[in-house]
file coords-v9.txt (compact mmCIF, C-alpha atoms)
# COMPACT_ATOMS: atom_id res chain seq x y z
CA MET A 1 128.03 50.10 136.13
CA LYS A 2 126.88 46.67 137.13
CA PHE A 3 123.41 45.35 137.94
CA ILE A 4 121.35 42.15 138.00
CA HIS A 5 118.34 41.54 135.76
CA ALA A 6 116.07 38.73 136.98
CA GLY A 7 112.40 37.87 137.05
CA ASP A 8 109.77 35.16 137.20
CA LEU A 9 110.89 33.79 140.57
CA HIS A 10 107.41 32.33 141.20
CA LEU A 11 108.11 31.79 144.87
CA GLY A 12 105.52 29.47 146.40
CA ASN A 13 104.84 27.55 143.19
CA PRO A 14 105.24 23.77 143.62
CA PHE A 15 106.98 21.63 141.01
CA GLY A 16 104.54 20.14 138.50
CA GLY A 17 104.42 16.81 136.69
CA LEU A 18 105.94 14.61 139.40
CA SER A 19 103.66 11.69 140.28
CA MET A 20 105.99 9.58 142.42
CA THR A 21 108.43 11.46 144.62
CA PRO A 22 110.34 10.19 147.68
CA ASP A 23 110.08 12.30 150.85
CA TRP A 24 113.72 13.36 150.79
CA LEU A 25 113.30 14.81 147.30
CA THR A 26 110.06 16.59 148.20
CA ASP A 27 111.91 18.71 150.76
CA GLN A 28 114.60 19.50 148.21
CA LEU A 29 112.03 20.56 145.61
CA GLN A 30 110.23 22.84 148.04
CA ALA A 31 113.46 24.69 148.78
CA ALA A 32 114.73 24.90 145.18
CA THR A 33 113.46 28.35 144.23
CA GLU A 34 114.48 29.74 147.62
CA THR A 35 117.98 28.36 147.03
CA ALA A 36 118.12 29.99 143.59
CA VAL A 37 117.16 33.39 145.04
CA HIS A 38 119.72 32.97 147.83
CA ARG A 39 122.45 32.28 145.26
CA LEU A 40 121.43 35.36 143.27
CA VAL A 41 121.71 37.52 146.39
CA ASP A 42 125.07 35.96 147.25
CA ASP A 43 126.32 36.91 143.78
CA ALA A 44 124.90 40.45 144.02
CA ILE A 45 126.71 41.05 147.30
CA THR A 46 129.98 39.47 146.13
CA ALA A 47 129.96 41.48 142.89
CA ALA A 48 128.90 44.66 144.73
CA VAL A 49 126.32 45.44 142.05
CA ASP A 50 124.83 48.93 141.88
CA PHE A 51 121.26 47.60 142.00
CA VAL A 52 118.95 44.66 141.21
CA VAL A 53 115.88 44.78 138.94
CA LEU A 54 113.14 42.15 139.27
CA ALA A 55 110.84 42.13 136.25
CA GLY A 56 107.65 40.68 137.71
CA ASP A 57 106.11 37.48 139.08
CA LEU A 58 108.19 37.35 142.24
CA PHE A 59 105.36 35.27 143.68
CA ASP A 60 103.25 32.71 141.87
CA THR A 61 99.99 34.17 143.18
CA THR A 62 98.48 37.37 144.54
CA THR A 63 98.17 35.64 147.93
CA PRO A 64 101.53 33.97 148.53
CA ASP A 65 101.96 31.82 151.62
CA ALA A 66 103.93 33.02 154.64
CA ARG A 67 106.98 30.94 153.74
CA ALA A 68 107.33 32.55 150.30
CA GLN A 69 106.88 36.07 151.68
CA LEU A 70 109.31 35.61 154.57
CA ASP A 71 111.95 34.09 152.32
CA LEU A 72 111.82 36.97 149.83
CA VAL A 73 111.87 39.62 152.57
CA ARG A 74 114.82 37.90 154.23
CA GLU A 75 116.82 37.95 150.99
CA LEU A 76 115.91 41.59 150.27
CA GLU A 77 117.10 42.50 153.78
CA ARG A 78 120.47 40.93 152.99
CA LEU A 79 120.68 43.26 149.99
CA ALA A 80 119.66 46.18 152.22
CA THR A 81 122.51 45.39 154.60
CA ALA A 82 124.87 45.51 151.61
CA ASN A 83 123.36 48.88 150.51
CA ILE A 84 122.07 47.44 147.22
CA PRO A 85 118.81 49.00 145.94
CA VAL A 86 116.16 46.74 144.41
CA TYR A 87 113.55 47.81 141.84
CA VAL A 88 110.43 45.65 141.60
CA GLY A 89 107.59 45.52 139.12
CA PHE A 90 104.77 43.06 139.82
CA GLY A 91 103.53 40.82 137.00
CA ASN A 92 100.40 38.98 135.92
CA HIS A 93 100.80 36.25 138.56
CA ASP A 94 101.49 38.46 141.59
CA TYR A 95 99.50 41.50 140.46
CA VAL A 96 98.65 43.86 143.30
CA VAL A 97 95.05 43.71 144.48
CA ASP A 98 95.67 45.72 147.66
CA TRP A 99 98.96 47.56 148.19
CA GLN A 100 98.36 47.51 151.95
CA ARG A 101 98.45 43.71 152.02
CA LEU A 102 101.92 43.41 150.53
CA PRO A 103 104.74 42.20 152.78
CA THR A 104 106.69 44.87 154.62
CA PHE A 105 109.71 45.25 152.36
CA PRO A 106 112.98 46.83 153.58
CA LYS A 107 113.72 50.45 152.64
CA ASN A 108 116.10 49.52 149.82
CA VAL A 109 113.15 48.18 147.79
CA THR A 110 111.33 50.43 145.33
CA LEU A 111 107.98 49.16 144.06
CA PHE A 112 106.70 50.39 140.71
CA PRO A 113 103.05 51.55 140.86
CA LYS A 114 100.33 50.80 138.34
CA ASP A 115 101.30 53.67 136.04
CA VAL A 116 104.67 53.85 134.32
CA THR A 117 107.06 55.65 136.66
CA THR A 118 110.73 56.59 136.45
CA TYR A 119 113.18 56.49 139.36
CA HIS A 120 116.78 57.66 139.41
CA VAL A 121 119.80 56.11 141.08
CA GLN A 122 123.46 57.10 141.27
CA THR A 123 125.99 54.32 140.77
CA LYS A 124 129.16 53.90 142.79
CA ASN A 125 130.98 55.59 139.90
CA HIS A 126 128.57 58.55 140.07
CA GLU A 127 126.71 57.65 136.89
CA SER A 128 123.10 58.76 136.60
CA VAL A 129 120.69 55.89 135.85
CA ALA A 130 116.99 56.25 135.06
CA ILE A 131 114.85 53.15 135.64
CA SER A 132 111.29 53.10 134.27
CA GLY A 133 108.63 50.46 134.88
CA PHE A 134 105.13 49.61 136.08
CA SER A 135 103.21 46.93 138.00
CA TYR A 136 100.16 44.88 137.15
CA THR A 137 97.10 45.55 139.32
CA GLN A 138 94.97 43.02 137.43
CA ARG A 139 95.75 39.70 135.80
CA HIS A 140 95.43 40.91 132.24
CA ILE A 141 96.63 44.08 130.54
CA THR A 142 95.56 44.30 126.91
CA THR A 143 97.00 47.74 126.20
CA ASP A 144 100.52 48.61 125.04
CA GLN A 145 102.38 50.04 128.04
CA VAL A 146 105.48 51.00 126.05
CA ALA A 147 103.71 54.13 124.83
CA GLU A 148 103.65 55.38 128.43
CA PHE A 149 107.43 55.09 128.88
CA PRO A 150 109.39 58.35 128.52
CA ILE A 151 112.08 58.82 125.90
CA LYS A 152 115.62 58.70 127.29
CA SER A 153 116.78 62.06 128.60
CA THR A 154 120.17 63.46 127.62
CA GLN A 155 120.71 64.21 131.32
CA ASP A 156 120.92 60.49 132.14
CA ASP A 157 123.98 58.36 131.49
CA TRP A 158 121.86 55.21 131.25
CA HIS A 159 118.16 54.44 130.93
CA ILE A 160 116.71 51.01 131.74
CA GLY A 161 113.16 49.83 131.09
CA ILE A 162 111.53 47.10 133.17
CA TYR A 163 108.66 45.45 131.32
CA HIS A 164 106.58 42.37 132.14
CA GLY A 165 104.78 41.28 129.00
CA SER A 166 104.97 39.62 125.62
CA MET A 167 105.28 40.69 122.01
CA GLY A 168 102.00 40.92 120.11
CA GLU A 169 99.39 43.10 118.53
CA VAL A 170 97.74 45.60 120.85
CA GLY A 171 94.30 44.36 121.85
CA SER A 172 95.02 40.75 120.89
CA GLY A 173 97.20 39.80 123.89
CA ASN A 174 96.57 39.67 127.62
CA TYR A 175 100.04 40.51 128.87
CA ALA A 176 100.83 44.11 127.95
CA PRO A 177 101.46 43.28 124.26
CA PHE A 178 104.23 45.32 122.69
CA ASN A 179 106.22 45.60 119.48
CA LEU A 180 109.97 45.87 119.22
CA GLN A 181 109.96 49.05 117.19
CA ALA A 182 108.12 50.95 119.93
CA MET A 183 110.81 49.97 122.46
CA GLN A 184 113.58 50.95 120.07
CA GLN A 185 112.09 54.43 119.69
CA LYS A 186 112.63 55.10 123.42
CA HIS A 187 116.43 54.94 122.90
CA TYR A 188 116.95 53.02 126.16
CA ASP A 189 120.24 51.32 126.93
CA TYR A 190 118.60 48.14 128.22
CA TRP A 191 115.12 46.62 128.40
CA ALA A 192 114.82 44.09 131.25
CA LEU A 193 111.87 41.91 130.24
CA GLY A 194 109.90 39.43 132.31
CA HIS A 195 107.01 36.97 131.74
CA ILE A 196 108.61 34.50 129.31
CA HIS A 197 110.34 31.70 131.24
CA VAL A 198 112.88 30.97 128.50
CA ARG A 199 115.92 33.21 128.01
CA GLU A 200 115.33 35.10 124.81
CA THR A 201 117.12 38.00 123.16
CA LEU A 202 114.82 40.15 121.04
CA GLN A 203 117.59 42.62 120.20
CA LYS A 204 121.27 42.38 121.04
CA LYS A 205 122.31 46.06 120.90
CA PRO A 206 120.95 47.85 122.81
CA PHE A 207 119.77 44.75 124.64
CA ILE A 208 116.08 43.89 124.75
CA GLY A 209 115.32 40.47 126.19
CA TYR A 210 114.13 38.02 128.80
CA SER A 211 116.34 36.58 131.52
CA GLY A 212 113.92 33.64 131.85
CA SER A 213 112.76 32.00 135.05
CA ILE A 214 115.19 31.54 137.90
CA GLN A 215 114.20 27.89 138.54
CA GLY A 216 112.39 25.54 136.15
CA LEU A 217 109.15 24.36 137.74
CA ASP A 218 107.93 21.73 135.28
CA LYS A 219 109.28 19.60 132.44
CA THR A 220 108.63 22.27 129.82
CA GLU A 221 111.23 24.49 131.52
CA THR A 222 114.35 22.52 130.68
CA GLY A 223 117.97 23.57 130.86
CA ALA A 224 119.93 25.96 133.06
CA LYS A 225 117.97 28.76 134.75
CA GLY A 226 119.24 31.91 136.39
CA TYR A 227 119.69 35.64 135.82
CA TYR A 228 121.69 38.20 133.82
CA MET A 229 124.66 40.00 135.31
CA VAL A 230 124.73 43.22 133.31
CA GLU A 231 127.89 45.33 133.03
CA SER A 232 128.77 48.48 131.16
CA GLU A 233 131.33 48.10 128.40
CA GLY A 234 132.01 51.44 126.80
CA ASN A 235 128.62 52.85 125.83
CA GLU A 236 126.83 49.48 125.99
CA LEU A 237 125.20 47.39 128.72
CA VAL A 238 126.13 43.74 128.17
CA PRO A 239 124.29 40.87 129.90
CA THR A 240 126.00 37.62 130.91
CA PHE A 241 123.87 34.65 131.92
CA THR A 242 124.58 33.19 135.36
CA PRO A 243 122.89 29.89 136.33
CA VAL A 244 121.66 29.57 139.91
CA ALA A 245 118.89 26.94 139.78
CA PRO A 246 119.83 24.01 142.04
CA ILE A 247 117.58 21.64 140.06
CA THR A 248 117.50 21.27 136.28
CA TRP A 249 114.90 19.49 134.15
CA VAL A 250 116.54 17.47 131.36
CA THR A 251 115.66 14.87 128.74
CA ALA A 252 118.11 11.99 128.41
CA GLU A 253 118.35 9.01 126.07
CA VAL A 254 119.82 5.64 127.01
CA ARG A 255 120.16 2.70 124.63
CA THR A 256 120.45 -0.70 126.29
CA GLU A 257 120.05 -4.44 125.73
CA ARG A 258 119.87 -5.18 129.46
CA ASP A 259 117.00 -7.28 130.73
CA LEU A 260 114.55 -6.34 133.45
CA SER A 261 116.76 -7.68 136.24
CA THR A 262 119.73 -5.42 135.42
CA VAL A 263 118.36 -2.44 133.50
CA VAL A 264 117.76 -0.23 136.57
CA GLN A 265 121.31 -0.62 137.86
CA TYR A 266 122.74 -0.04 134.39
CA VAL A 267 120.72 3.13 133.71
CA ARG A 268 121.42 4.59 137.15
CA GLY A 269 125.11 4.17 136.45
CA GLN A 270 124.82 6.44 133.41
CA PHE A 271 123.86 9.38 135.62
CA ALA A 272 126.20 8.86 138.57
CA MET A 273 128.45 11.90 137.99
CA LYS A 274 126.42 15.14 138.22
CA ASP A 275 127.40 18.56 139.58
CA GLU A 276 123.84 19.84 140.02
CA PHE A 277 120.67 17.89 140.65
CA GLU A 278 118.74 16.82 137.55
CA LEU A 279 115.14 15.75 137.08
CA ILE A 280 115.31 13.34 134.15
CA SER A 281 112.74 12.45 131.53
CA LEU A 282 114.23 9.21 130.23
CA ASN A 283 113.88 7.89 126.70
CA LEU A 284 114.86 4.24 126.99
CA ILE A 285 115.72 2.53 123.72
CA THR A 286 115.27 -1.21 124.06
CA GLU A 287 113.81 -4.23 122.32
CA ASP A 288 113.45 -6.33 125.46
CA PRO A 289 109.72 -7.20 125.70
CA ASN A 290 109.73 -7.42 129.49
CA VAL A 291 111.36 -4.02 129.86
CA LEU A 292 108.91 -2.50 127.37
CA SER A 293 105.99 -4.01 129.25
CA ALA A 294 107.31 -2.67 132.56
CA ILE A 295 107.59 0.80 131.05
CA VAL A 296 104.04 0.80 129.73
CA ASN A 297 102.65 -0.38 133.06
CA GLN A 298 104.71 2.10 135.13
CA GLN A 299 106.44 -0.81 136.88
CA LEU A 300 109.92 0.21 135.74
CA LEU A 301 109.39 3.77 136.94
CA ALA A 302 108.37 2.41 140.33
CA GLN A 303 111.63 0.43 140.44
CA PHE A 304 113.65 3.57 139.73
CA VAL A 305 111.80 5.47 142.46
CA ALA A 306 112.45 2.65 144.93
CA ALA A 307 116.14 2.59 143.98
CA ALA A 308 116.61 6.36 144.42
CA GLN A 309 119.07 7.33 147.16
CA THR A 310 119.39 10.54 149.17
CA THR A 311 122.95 10.85 147.86
CA ASP A 312 121.80 10.81 144.21
CA MET A 313 122.23 13.93 142.11
CA PHE A 314 119.41 12.88 139.79
CA PHE A 315 115.86 11.56 139.83
CA ILE A 316 114.12 9.82 136.94
CA TYR A 317 110.53 11.06 137.06
CA GLU A 318 109.20 9.57 133.83
CA ILE A 319 110.20 6.94 131.29
CA GLN A 320 109.22 6.70 127.66
CA ALA A 321 110.00 3.63 125.61
CA GLN A 322 111.63 3.75 122.22
CA THR A 323 112.33 0.77 120.03
CA LYS A 324 115.30 0.75 117.71
CA GLU A 325 114.86 2.62 114.45
CA GLN A 326 115.04 -0.57 112.40
CA HIS A 327 111.90 -2.06 113.99
CA LEU A 328 109.64 -4.14 111.77
CA PRO A 329 106.34 -2.75 110.50
CA LEU A 330 103.32 -3.44 112.67
CA PRO A 331 101.57 -6.67 111.73
CA ALA A 332 98.65 -6.98 109.33
CA VAL A 333 98.17 -3.25 108.70
CA ASP A 334 100.56 -0.64 107.31
CA GLU A 335 102.35 1.15 110.18
CA ARG A 336 101.51 4.57 108.80
CA TYR A 337 97.82 3.76 109.26
CA TRP A 338 98.40 2.78 112.90
CA LEU A 339 100.26 6.01 113.66
CA GLU A 340 97.61 8.15 111.95
CA THR A 341 94.89 6.33 113.90
CA ILE A 342 96.64 6.96 117.22
CA GLY A 343 96.69 10.68 116.47
CA ASP A 344 93.00 10.65 115.54
CA VAL A 345 91.85 8.68 118.60
CA PHE A 346 93.74 10.43 121.36
CA THR A 347 92.32 13.92 121.01
CA ARG A 348 90.41 16.02 123.53
CA GLU A 349 87.20 15.49 121.59
CA GLN A 350 87.57 11.69 121.45
CA LEU A 351 88.41 11.44 125.16
CA GLN A 352 85.27 13.40 125.96
CA LYS A 353 83.19 11.02 123.81
CA MET A 354 84.81 7.97 125.45
CA GLY A 355 83.59 9.04 128.89
CA LEU A 356 85.68 11.96 130.10
CA LYS A 357 82.63 14.21 129.79
CA GLN A 358 81.18 12.34 132.79
CA VAL A 359 84.10 13.49 134.97
CA THR A 360 83.46 16.52 137.18
CA ASP A 361 86.71 16.59 139.15
CA VAL A 362 88.62 19.66 137.88
CA ASP A 363 92.08 18.21 138.61
CA VAL A 364 91.29 15.01 136.68
CA LEU A 365 89.95 17.00 133.73
CA ASP A 366 93.01 19.27 133.69
CA HIS A 367 95.28 16.22 133.67
CA PHE A 368 93.62 14.37 130.79
CA LEU A 369 92.97 17.46 128.66
CA ASN A 370 96.57 18.63 129.01
CA ALA A 371 98.55 18.45 125.75
CA GLN A 372 101.41 16.66 127.53
CA THR A 373 99.04 13.94 128.76
CA LEU A 374 97.64 13.41 125.27
CA GLN A 375 101.17 13.10 123.91
CA ALA A 376 102.06 10.62 126.65
CA LEU A 377 98.98 8.52 125.83
CA GLN A 378 99.93 8.42 122.15
CA GLU A 379 103.48 7.36 122.98
CA ALA A 380 102.22 4.65 125.34
CA VAL A 381 99.96 3.22 122.64
CA LYS A 382 102.81 3.21 120.10
CA THR A 383 104.95 1.32 122.59
CA GLN A 384 102.15 -1.14 123.32
CA LEU A 385 101.71 -1.84 119.61
CA HIS A 386 105.41 -2.56 119.21
CA LEU A 387 105.29 -4.65 122.37
CA SER A 388 102.44 -6.68 120.93
CA GLN A 389 104.52 -7.40 117.86
CA ILE A 390 107.57 -8.43 119.86
CA GLY A 391 105.38 -10.27 122.35
CA ASP A 392 104.01 -12.50 119.60
CA GLU A 393 107.56 -13.42 118.70
CA TYR A 394 108.62 -14.10 122.31
CA HIS A 395 105.24 -15.37 123.53
CA VAL A 396 104.92 -12.60 126.13
CA ASP A 397 101.47 -11.42 127.26
call {"tool": "encode", "arguments": {"input": "coords-v9.txt", "output": "structure tokens"}}
result
Amino acid sequence: MKFIHAGDLHLGNPFGGLSMTPDWLTDQLQAATETAVHRLVDDAITAAVDFVVLAGDLFDTTTPDARAQLDLVRELERLATANIPVYVGFGNHDYVVDWQRLPTFPKNVTLFPKDVTTYHVQTKNHESVAISGFSYTQRHITTDQVAEFPIKSTQDDWHIGIYHGSMGEVGSGNYAPFNLQAMQQKHYDYWALGHIHVRETLQKKPFIGYSGSIQGLDKTETGAKGYYMVESEGNELVPTFTPVAPITWVTAEVRTERDLSTVVQYVRGQFAMKDEFELISLNLITEDPNVLSAIVNQQLLAQFVAAAQTTDMFFIYEIQAQTKEQHLPLPAVDERYWLETIGDVFTREQLQKMGLKQVTDVDVLDHFLNAQTLQALQEAVKTQLHLSQIGDEYHVD
């Protein structure tokens, strides 16, 4: 038997955390998740899988735009043409408010209802497979849904559970909290989990785990993204990760002594040979005061954006400065005090006191109260303090 386990497609969700993006890259970003799904379907057809399971959050919202809906239906129709069944459970992002308002899916697609339900399918090798799952009909589910799943029947060769949720104590989580022991007691051959965007194996045999998201959508979702191709080996179902995301978020470090006039060309040269497109968070290690100043003031990032070419297989979307490890202590006051002070000043509470409480724009508030923004502010201040020290030496403002 062979099938695909995927989830968390989040079709229709734009990439986050990109402040300066050239037009040619914007088009590429918009099509990234669609490309990942297309590659998955290509692989399913080529491998002639018995079926595909999608463990929730196909869409990023309960009201996806027409483009997202049409793209998914088009890909599911390709699977229908290849006689490949698809089993879908909706998650906390695309929970079903009104079943009548869902797209018109082809006949090869089976949608799990609100209550745990079991369907049966015969493989090409005439094996009997039971597939159990459910769909969200509200954003939060605080009850353990595992209890509603049936125990594996001796009449089935294989039993697969599809579950969108996270581990936790019942009543203390919002996403169908479950415990591993309860899943083990069902004696299933495979639990296809969704909701967590990072690939994670909770149990190797029989497999219980997350395939992760199919395309990283912000800088917290780094590394290769894709799906699991699951094949039977004896009496086990063994998943193999297959990457399909056309764009990968990465963090890279470059150490250089180049000055401001040559640093952009030098750094770009370090990323010239790439097989897949990368969005790069760059840690630039330098002691050049002009380069450090340009980083702090976003001028260097603007130069990288201006230098970006349509033929590039990378895009540097943010730059953080690092000075060499043997930097001198900050002047006048012990460096440990400076670093502790930075952490005390740049907190949500202090930003509110310094004037953020006067802001009513929701987007602005979300940006400045985000943990990543606070971290970026702290790093910028550290860099500015080091720059001040070096600037005194080189007489740079």
call {"tool": "residues_around", "arguments": {"input": "coords-v9.txt", "residues": "region 17-31 of chain A", "least_positions_apart": "4", "cutoff": "8 Å", "atoms": "only C-alpha atoms", "output": "short mmCIF file (atom, residue, chain, number, x, y, z; two decimals) with C-alpha atoms, in the coordinates of the input"}}
result
data_model
loop_
_atom_site.label_atom_id
_atom_site.label_comp_id
_atom_site.auth_asym_id
_atom_site.auth_seq_id
_atom_site.Cartn_x
_atom_site.Cartn_y
_atom_site.Cartn_z
CA THR A 35 117.98 28.36 147.03
CA ASP A 218 107.93 21.73 135.28
CA LYS A 219 109.28 19.60 132.44
CA ILE A 247 117.58 21.64 140.06
CA ALA A 302 108.37 2.41 140.33
CA VAL A 305 111.80 5.47 142.46
CA THR A 310 119.39 10.54 149.17
CA TYR A 317 110.53 11.06 137.06
#
call {"tool": "closest_residue", "arguments": {"input": "coords-v9.txt", "among": "A:Leu301, A:Leu217, A:Ala371, A:Val88", "to": "Pro14 (chain A)", "atoms": "all atoms listed in the file"}}
result
A:Leu217
call {"tool": "closest_residue", "arguments": {"input": "coords-v9.txt", "among": "A:Asp144, A:Asp259, A:Asp157, A:Asp8", "to": "Gly216 (chain A)", "atoms": "only C-alpha atoms"}}
result
A:Asp8
call {"tool": "closest_residue", "arguments": {"input": "coords-v9.txt", "among": "A:Leu111, A:Met273, A:Val263, A:Leu70", "to": "Asp288 (chain A)", "atoms": "only C-alpha atoms"}}
result
A:Val263
call {"tool": "closest_residue", "arguments": {"input": "coords-v9.txt", "among": "A:Val381, A:Ala252, A:Leu202, A:Leu237", "to": "Met183 (chain A)", "atoms": "all atoms listed in the file"}}
result
A:Leu202
call {"tool": "atom_distance", "arguments": {"input": "coords-v9.txt", "atom1": "CA of His159 (chain A)", "atom2": "CA of Val109 (chain A)"}}
result
18.7 Å
call {"tool": "atom_distance", "arguments": {"input": "coords-v9.txt", "atom1": "CA of Gln375 (chain A)", "atom2": "CA of Gln320 (chain A)"}}
result
10.9 Å
call {"tool": "residues_around", "arguments": {"input": "coords-v9.txt", "residues": "Asp275 (chain A)", "least_positions_apart": "2", "cutoff": "12 Å", "atoms": "only C-alpha atoms", "output": "ChimeraX atom specification"}}
result
/A:245-248,271-273,277-278,312-314
call {"tool": "residues_around", "arguments": {"input": "coords-v9.txt", "residues": "Ile280 (chain A)", "least_positions_apart": "3", "cutoff": "6 Å", "atoms": "only C-alpha atoms", "output": "PyMOL selection string"}}
result
chain A and resi 250-251+315-316
call {"tool": "atom_distance", "arguments": {"input": "coords-v9.txt", "atom1": "CA of Asn235 (chain A)", "atom2": "CA of Ile162 (chain A)"}}
result
19.5 Å
call {"tool": "closest_atom_pairs", "arguments": {"input": "coords-v9.txt", "of": "region 95-186 of chain A", "to": "region 38-49 of chain A", "cutoff": "12 Å", "atoms": "all atoms listed in the file", "output": "Markdown table"}}
result
| residue | atom | partner | partner_atom | distance |
| --- | --- | --- | --- | --- |
| A:Thr123 | CA | A:Val49 | CA | 9.0 |
| A:Lys124 | CA | A:Val49 | CA | 9.0 |
| A:Asn125 | CA | A:Val49 | CA | 11.4 |
call {"tool": "closest_residue", "arguments": {"input": "coords-v9.txt", "among": "A:Phe59, A:Phe178, A:Phe90, A:Phe105", "to": "Arg78 (chain A)", "atoms": "all atoms listed in the file"}}
result
A:Phe105
call {"tool": "closest_residue", "arguments": {"input": "coords-v9.txt", "among": "A:Thr62, A:Thr373, A:His5, A:Val230", "to": "Tyr210 (chain A)", "atoms": "only C-alpha atoms"}}
result
A:His5
call {"tool": "decode", "arguments": {"input": "coords-v9.txt", "residues": "region 74-85 of chain A", "atoms": "N, CA, C and O atoms", "output": "CSV table (one decimal), in the first residue's frame"}}
result
chain,number,residue,atom,x,y,z
A,74,ARG,N,-9.0,22.3,-8.9
A,74,ARG,CA,-8.3,21.9,-10.1
A,74,ARG,C,-7.3,20.8,-9.8
A,74,ARG,O,-7.2,19.8,-10.6
A,75,GLU,N,-6.6,20.9,-8.7
A,75,GLU,CA,-5.6,19.8,-8.4
A,75,GLU,C,-6.3,18.5,-8.0
A,75,GLU,O,-5.9,17.4,-8.3
A,76,LEU,N,-7.4,18.6,-7.2
A,76,LEU,CA,-8.2,17.5,-6.8
A,76,LEU,C,-8.8,16.8,-8.1
A,76,LEU,O,-8.9,15.5,-8.1
A,77,GLU,N,-9.2,17.6,-9.1
A,77,GLU,CA,-9.7,17.0,-10.3
A,77,GLU,C,-8.6,16.2,-11.1
A,77,GLU,O,-8.9,15.2,-11.7
A,78,ARG,N,-7.4,16.6,-11.0
A,78,ARG,CA,-6.3,15.9,-11.6
A,78,ARG,C,-6.2,14.5,-10.9
A,78,ARG,O,-5.9,13.5,-11.6
A,79,LEU,N,-6.3,14.5,-9.6
A,79,LEU,CA,-6.3,13.2,-8.8
A,79,LEU,C,-7.5,12.4,-9.2
A,79,LEU,O,-7.4,11.1,-9.3
A,80,ALA,N,-8.7,13.0,-9.4
A,80,ALA,CA,-9.9,12.3,-9.8
A,80,ALA,C,-9.6,11.6,-11.2
A,80,ALA,O,-10.0,10.4,-11.4
A,81,THR,N,-9.0,12.3,-12.1
A,81,THR,CA,-8.7,11.7,-13.4
A,81,THR,C,-7.8,10.5,-13.3
A,81,THR,O,-7.9,9.6,-14.1
A,82,ALA,N,-6.9,10.5,-12.3
A,82,ALA,CA,-6.0,9.4,-12.1
A,82,ALA,C,-6.6,8.3,-11.2
A,82,ALA,O,-5.9,7.4,-10.8
A,83,ASN,N,-7.9,8.5,-10.8
A,83,ASN,CA,-8.6,7.5,-10.0
A,83,ASN,C,-8.0,7.4,-8.6
A,83,ASN,O,-7.8,6.3,-8.0
A,84,ILE,N,-7.6,8.5,-8.0
A,84,ILE,CA,-6.9,8.5,-6.7
A,84,ILE,C,-7.9,9.2,-5.7
A,84,ILE,O,-8.2,10.4,-5.8
A,85,PRO,N,-8.4,8.5,-4.7
A,85,PRO,CA,-9.3,9.0,-3.7
A,85,PRO,C,-8.6,10.0,-2.8
A,85,PRO,O,-7.4,9.8,-2.6
